[in-house]
Amino acid sequence: MSQMPTPESIRQAIAQGLSCERVDVDGDGHHFQALIISAAFEGKSRIDRHRLVYAALGERMRQEIHALSMRTLTPRESQHAGADGGKHHSGN
């Protein structure tokens with residue numbers, strides 16, 4: 001039986017599998033939210049960005065993580081969104 005994932009374990013797995021400038025993960029053990037800033041996302045669609053994150057998580061995504069919502073930004077996009085990656089902005 002696998003151990004319940006934590007936000008920190010998910011953050012570490014993403015950071016190990018994908019070159020990131022920033023990875024923030026919050027969650028309650030069942031539902032997680034991630035802000036991921038990576039130059040690897042440059043020129044990629046949102047779906048392709050998510051695929052890169054899923055690849056970094058590998059089997060964990062299928063076996064341990066049941067709900068992960070992601071905000072995936074390039075470093076340039078994160079500068080335009082503000083210092084927190086637009087995480088708490090209303091979008092105005």
# chains A, B, ... in the order shown; residues from 1 in each chain; ligands from 1
call {"tool": "residues_around", "arguments": {"residues": "Ile10 in chain A", "least_positions_apart": "4", "cutoff": "10 Å", "atoms": "only C-alpha atoms", "output": "ChimeraX atom specification"}}
result
/A:5-6,14-16,23-27,32,34,56-57,60-61,64-65,68
call {"tool": "atom_distance", "arguments": {"atom1": "CA of Leu18 in chain A", "atom2": "CA of His80 in chain A"}}
result
22.1 Å
call {"tool": "residues_around", "arguments": {"residues": "Ile37 in chain A", "least_positions_apart": "4", "cutoff": "10 Å", "atoms": "only C-alpha atoms", "output": "count of residues only"}}
result
16
call {"tool": "atom_distance", "arguments": {"atom1": "CA of Ala81 in chain A", "atom2": "CA of Ala55 in chain A"}}
result
25.6 Å
call {"tool": "atom_distance", "arguments": {"atom1": "CA of His66 in chain A", "atom2": "CA of His30 in chain A"}}
result
6.3 Å
call {"tool": "select_by_dssp", "arguments": {"residues": "chain A", "states": "strand (DSSP E)", "output": "ChimeraX atom specification"}}
result
/A:22-27,31-37,67-73
call {"tool": "select_by_dssp", "arguments": {"residues": "chain A", "states": "alpha helix (DSSP H)", "output": "PyMOL selection string"}}
result
chain A and resi 7-17+46-57+59-63+75-81
call {"tool": "write_last_selection", "arguments": {"atoms": "N, CA, C and O atoms", "output": "short mmCIF file (atom, residue, chain, number, x, y, z; two decimals), in the first residue's frame"}}
result
data_model
loop_
_atom_site.label_atom_id
_atom_site.label_comp_id
_atom_site.auth_asym_id
_atom_site.auth_seq_id
_atom_site.Cartn_x
_atom_site.Cartn_y
_atom_site.Cartn_z
N PRO A 7 1.70 17.60 -0.26
CA PRO A 7 2.09 18.66 -1.21
C PRO A 7 3.60 18.70 -1.44
O PRO A 7 4.05 18.86 -2.57
N GLU A 8 4.38 18.49 -0.39
CA GLU A 8 5.84 18.53 -0.53
C GLU A 8 6.35 17.37 -1.39
O GLU A 8 7.25 17.56 -2.22
N SER A 9 5.80 16.18 -1.23
CA SER A 9 6.27 15.05 -2.04
C SER A 9 5.92 15.25 -3.51
O SER A 9 6.70 14.89 -4.40
N ILE A 10 4.78 15.86 -3.79
CA ILE A 10 4.40 16.15 -5.18
C ILE A 10 5.31 17.24 -5.74
O ILE A 10 5.80 17.13 -6.87
N ARG A 11 5.58 18.26 -4.94
CA ARG A 11 6.48 19.34 -5.38
C ARG A 11 7.85 18.78 -5.73
O ARG A 11 8.41 19.09 -6.78
N GLN A 12 8.37 17.92 -4.87
CA GLN A 12 9.69 17.33 -5.12
C GLN A 12 9.69 16.48 -6.39
O GLN A 12 10.63 16.53 -7.18
N ALA A 13 8.64 15.69 -6.60
CA ALA A 13 8.57 14.83 -7.79
C ALA A 13 8.53 15.67 -9.06
O ALA A 13 9.20 15.35 -10.05
N ILE A 14 7.76 16.75 -9.06
CA ILE A 14 7.69 17.62 -10.23
C ILE A 14 9.06 18.26 -10.47
O ILE A 14 9.57 18.26 -11.60
N ALA A 15 9.67 18.78 -9.42
CA ALA A 15 10.97 19.45 -9.54
C ALA A 15 12.07 18.51 -10.01
O ALA A 15 12.98 18.91 -10.74
N GLN A 16 12.00 17.25 -9.63
CA GLN A 16 13.00 16.27 -10.05
C GLN A 16 12.83 15.87 -11.51
O GLN A 16 13.80 15.59 -12.20
N GLY A 17 11.59 15.86 -11.98
CA GLY A 17 11.32 15.39 -13.33
C GLY A 17 11.20 16.47 -14.39
O GLY A 17 11.10 16.17 -15.57
N ARG A 46 -1.57 24.45 -23.28
CA ARG A 46 -1.84 24.07 -21.89
C ARG A 46 -1.87 22.55 -21.74
O ARG A 46 -1.35 22.01 -20.76
N ILE A 47 -2.43 21.87 -22.70
CA ILE A 47 -2.48 20.40 -22.64
C ILE A 47 -1.06 19.81 -22.66
O ILE A 47 -0.74 18.92 -21.89
N ASP A 48 -0.21 20.32 -23.55
CA ASP A 48 1.17 19.82 -23.62
C ASP A 48 1.95 20.14 -22.35
O ASP A 48 2.78 19.34 -21.91
N ARG A 49 1.67 21.28 -21.75
CA ARG A 49 2.31 21.63 -20.48
C ARG A 49 1.91 20.63 -19.39
O ARG A 49 2.74 20.17 -18.63
N HIS A 50 0.63 20.33 -19.34
CA HIS A 50 0.14 19.38 -18.34
C HIS A 50 0.75 18.00 -18.57
O HIS A 50 1.10 17.30 -17.61
N ARG A 51 0.90 17.62 -19.84
CA ARG A 51 1.53 16.32 -20.15
C ARG A 51 2.95 16.26 -19.63
O ARG A 51 3.40 15.21 -19.17
N LEU A 52 3.69 17.37 -19.72
CA LEU A 52 5.05 17.40 -19.18
C LEU A 52 5.04 17.17 -17.68
O LEU A 52 5.88 16.44 -17.14
N VAL A 53 4.09 17.78 -16.98
CA VAL A 53 3.99 17.60 -15.52
C VAL A 53 3.59 16.15 -15.21
O VAL A 53 4.17 15.52 -14.32
N TYR A 54 2.61 15.61 -15.95
CA TYR A 54 2.21 14.22 -15.73
C TYR A 54 3.39 13.27 -15.95
O TYR A 54 3.56 12.31 -15.21
N ALA A 55 4.20 13.55 -16.97
CA ALA A 55 5.37 12.71 -17.24
C ALA A 55 6.35 12.79 -16.07
O ALA A 55 6.95 11.78 -15.69
N ALA A 56 6.52 13.98 -15.50
CA ALA A 56 7.42 14.14 -14.35
C ALA A 56 6.92 13.34 -13.15
O ALA A 56 7.71 12.78 -12.39
N LEU A 57 5.61 13.28 -12.98
CA LEU A 57 5.03 12.54 -11.86
C LEU A 57 4.98 11.04 -12.11
O LEU A 57 4.92 10.25 -11.16
N GLU A 59 4.21 7.28 -12.57
CA GLU A 59 3.23 6.36 -11.99
C GLU A 59 2.47 6.97 -10.81
O GLU A 59 1.35 6.58 -10.53
N ARG A 60 3.09 7.92 -10.13
CA ARG A 60 2.42 8.55 -8.99
C ARG A 60 1.10 9.19 -9.42
O ARG A 60 0.13 9.19 -8.67
N MET A 61 1.08 9.73 -10.65
CA MET A 61 -0.14 10.40 -11.12
C MET A 61 -1.27 9.40 -11.25
O MET A 61 -2.41 9.71 -10.95
N ARG A 62 -0.96 8.20 -11.67
CA ARG A 62 -2.01 7.19 -11.84
C ARG A 62 -2.37 6.48 -10.54
O ARG A 62 -3.50 6.10 -10.33
N GLN A 63 -1.40 6.29 -9.66
CA GLN A 63 -1.62 5.45 -8.49
C GLN A 63 -1.93 6.22 -7.21
O GLN A 63 -2.69 5.74 -6.38
N PRO A 75 8.38 31.52 -17.44
CA PRO A 75 8.88 32.62 -16.61
C PRO A 75 8.35 33.99 -17.07
O PRO A 75 7.98 34.82 -16.24
N ARG A 76 8.26 34.18 -18.37
CA ARG A 76 7.76 35.46 -18.90
C ARG A 76 6.29 35.66 -18.52
O ARG A 76 5.87 36.75 -18.12
N GLU A 77 5.49 34.61 -18.67
CA GLU A 77 4.07 34.70 -18.30
C GLU A 77 3.91 34.99 -16.81
O GLU A 77 3.02 35.75 -16.41
N SER A 78 4.77 34.42 -16.00
CA SER A 78 4.66 34.64 -14.55
C SER A 78 4.99 36.08 -14.19
O SER A 78 4.41 36.63 -13.26
N GLN A 79 5.89 36.71 -14.94
CA GLN A 79 6.20 38.13 -14.69
C GLN A 79 4.99 39.00 -15.00
O GLN A 79 4.68 39.93 -14.26
N HIS A 80 4.28 38.67 -16.08
CA HIS A 80 3.09 39.43 -16.45
C HIS A 80 1.94 39.18 -15.47
O HIS A 80 1.10 40.04 -15.27
N ALA A 81 1.91 37.99 -14.87
CA ALA A 81 0.84 37.64 -13.94
C ALA A 81 1.08 38.21 -12.56
O ALA A 81 0.19 38.21 -11.72
#
call {"tool": "decode", "arguments": {"residues": "range 28-61 of chain A", "atoms": "N, CA and C atoms", "output": "short mmCIF file (atom, residue, chain, number, x, y, z; two decimals), in the first residue's frame"}}
result
data_model
loop_
_atom_site.label_atom_id
_atom_site.label_comp_id
_atom_site.auth_asym_id
_atom_site.auth_seq_id
_atom_site.Cartn_x
_atom_site.Cartn_y
_atom_site.Cartn_z
N ASP A 28 -4.78 18.81 0.40
CA ASP A 28 -5.26 18.20 1.63
C ASP A 28 -5.01 16.69 1.69
N GLY A 29 -4.19 16.18 0.76
CA GLY A 29 -3.95 14.74 0.71
C GLY A 29 -4.78 14.04 -0.34
N HIS A 30 -5.84 14.68 -0.78
CA HIS A 30 -6.70 14.12 -1.83
C HIS A 30 -6.78 15.03 -3.05
N HIS A 31 -6.90 16.33 -2.81
CA HIS A 31 -7.00 17.32 -3.87
C HIS A 31 -5.81 18.26 -3.75
N PHE A 32 -5.12 18.49 -4.88
CA PHE A 32 -3.93 19.32 -4.87
C PHE A 32 -4.04 20.40 -5.94
N GLN A 33 -3.41 21.54 -5.66
CA GLN A 33 -3.32 22.64 -6.60
C GLN A 33 -1.84 22.97 -6.74
N ALA A 34 -1.38 23.13 -7.98
CA ALA A 34 0.03 23.41 -8.22
C ALA A 34 0.20 24.63 -9.12
N LEU A 35 1.19 25.44 -8.78
CA LEU A 35 1.66 26.52 -9.63
C LEU A 35 3.06 26.11 -10.07
N ILE A 36 3.25 25.96 -11.38
CA ILE A 36 4.52 25.48 -11.91
C ILE A 36 5.00 26.48 -12.95
N ILE A 37 6.21 27.01 -12.73
CA ILE A 37 6.81 27.96 -13.66
C ILE A 37 8.05 27.30 -14.25
N SER A 38 8.05 27.13 -15.58
CA SER A 38 9.14 26.44 -16.25
C SER A 38 9.34 26.97 -17.66
N ALA A 39 10.60 27.15 -18.04
CA ALA A 39 10.92 27.55 -19.41
C ALA A 39 10.56 26.43 -20.39
N ALA A 40 10.44 25.20 -19.90
CA ALA A 40 10.07 24.07 -20.76
C ALA A 40 8.67 24.24 -21.34
N PHE A 41 7.86 25.12 -20.76
CA PHE A 41 6.49 25.34 -21.24
C PHE A 41 6.43 26.31 -22.43
N GLU A 42 7.55 26.97 -22.73
CA GLU A 42 7.58 27.97 -23.80
C GLU A 42 7.10 27.37 -25.11
N GLY A 43 6.11 28.01 -25.73
CA GLY A 43 5.60 27.57 -27.03
C GLY A 43 4.69 26.36 -26.99
N LYS A 44 4.34 25.89 -25.80
CA LYS A 44 3.50 24.69 -25.67
C LYS A 44 2.08 25.08 -25.25
N SER A 45 1.12 24.28 -25.71
CA SER A 45 -0.28 24.49 -25.32
C SER A 45 -0.45 24.08 -23.85
N ARG A 46 -1.57 24.45 -23.28
CA ARG A 46 -1.84 24.07 -21.89
C ARG A 46 -1.87 22.55 -21.74
N ILE A 47 -2.43 21.87 -22.70
CA ILE A 47 -2.48 20.40 -22.64
C ILE A 47 -1.06 19.81 -22.66
N ASP A 48 -0.21 20.32 -23.55
CA ASP A 48 1.17 19.82 -23.62
C ASP A 48 1.95 20.14 -22.35
N ARG A 49 1.67 21.28 -21.75
CA ARG A 49 2.31 21.63 -20.48
C ARG A 49 1.91 20.63 -19.39
N HIS A 50 0.63 20.33 -19.34
CA HIS A 50 0.14 19.38 -18.34
C HIS A 50 0.75 18.00 -18.57
N ARG A 51 0.90 17.62 -19.84
CA ARG A 51 1.53 16.32 -20.15
C ARG A 51 2.95 16.26 -19.63
N LEU A 52 3.69 17.37 -19.72
CA LEU A 52 5.05 17.40 -19.18
C LEU A 52 5.04 17.17 -17.68
N VAL A 53 4.09 17.78 -16.98
CA VAL A 53 3.99 17.60 -15.52
C VAL A 53 3.59 16.15 -15.21
N TYR A 54 2.61 15.61 -15.95
CA TYR A 54 2.21 14.22 -15.73
C TYR A 54 3.39 13.27 -15.95
N ALA A 55 4.20 13.55 -16.97
CA ALA A 55 5.37 12.71 -17.24
C ALA A 55 6.35 12.79 -16.07
N ALA A 56 6.52 13.98 -15.50
CA ALA A 56 7.42 14.14 -14.35
C ALA A 56 6.92 13.34 -13.15
N LEU A 57 5.61 13.28 -12.98
CA LEU A 57 5.03 12.54 -11.86
C LEU A 57 4.98 11.04 -12.11
N GLY A 58 4.97 10.64 -13.37
CA GLY A 58 5.00 9.23 -13.73
C GLY A 58 3.86 8.43 -13.11
N GLU A 59 4.21 7.28 -12.57
CA GLU A 59 3.23 6.36 -11.99
C GLU A 59 2.47 6.97 -10.81
N ARG A 60 3.09 7.92 -10.13
CA ARG A 60 2.42 8.55 -8.99
C ARG A 60 1.10 9.19 -9.42
N MET A 61 1.08 9.73 -10.65
CA MET A 61 -0.14 10.40 -11.12
C MET A 61 -1.27 9.40 -11.25
#
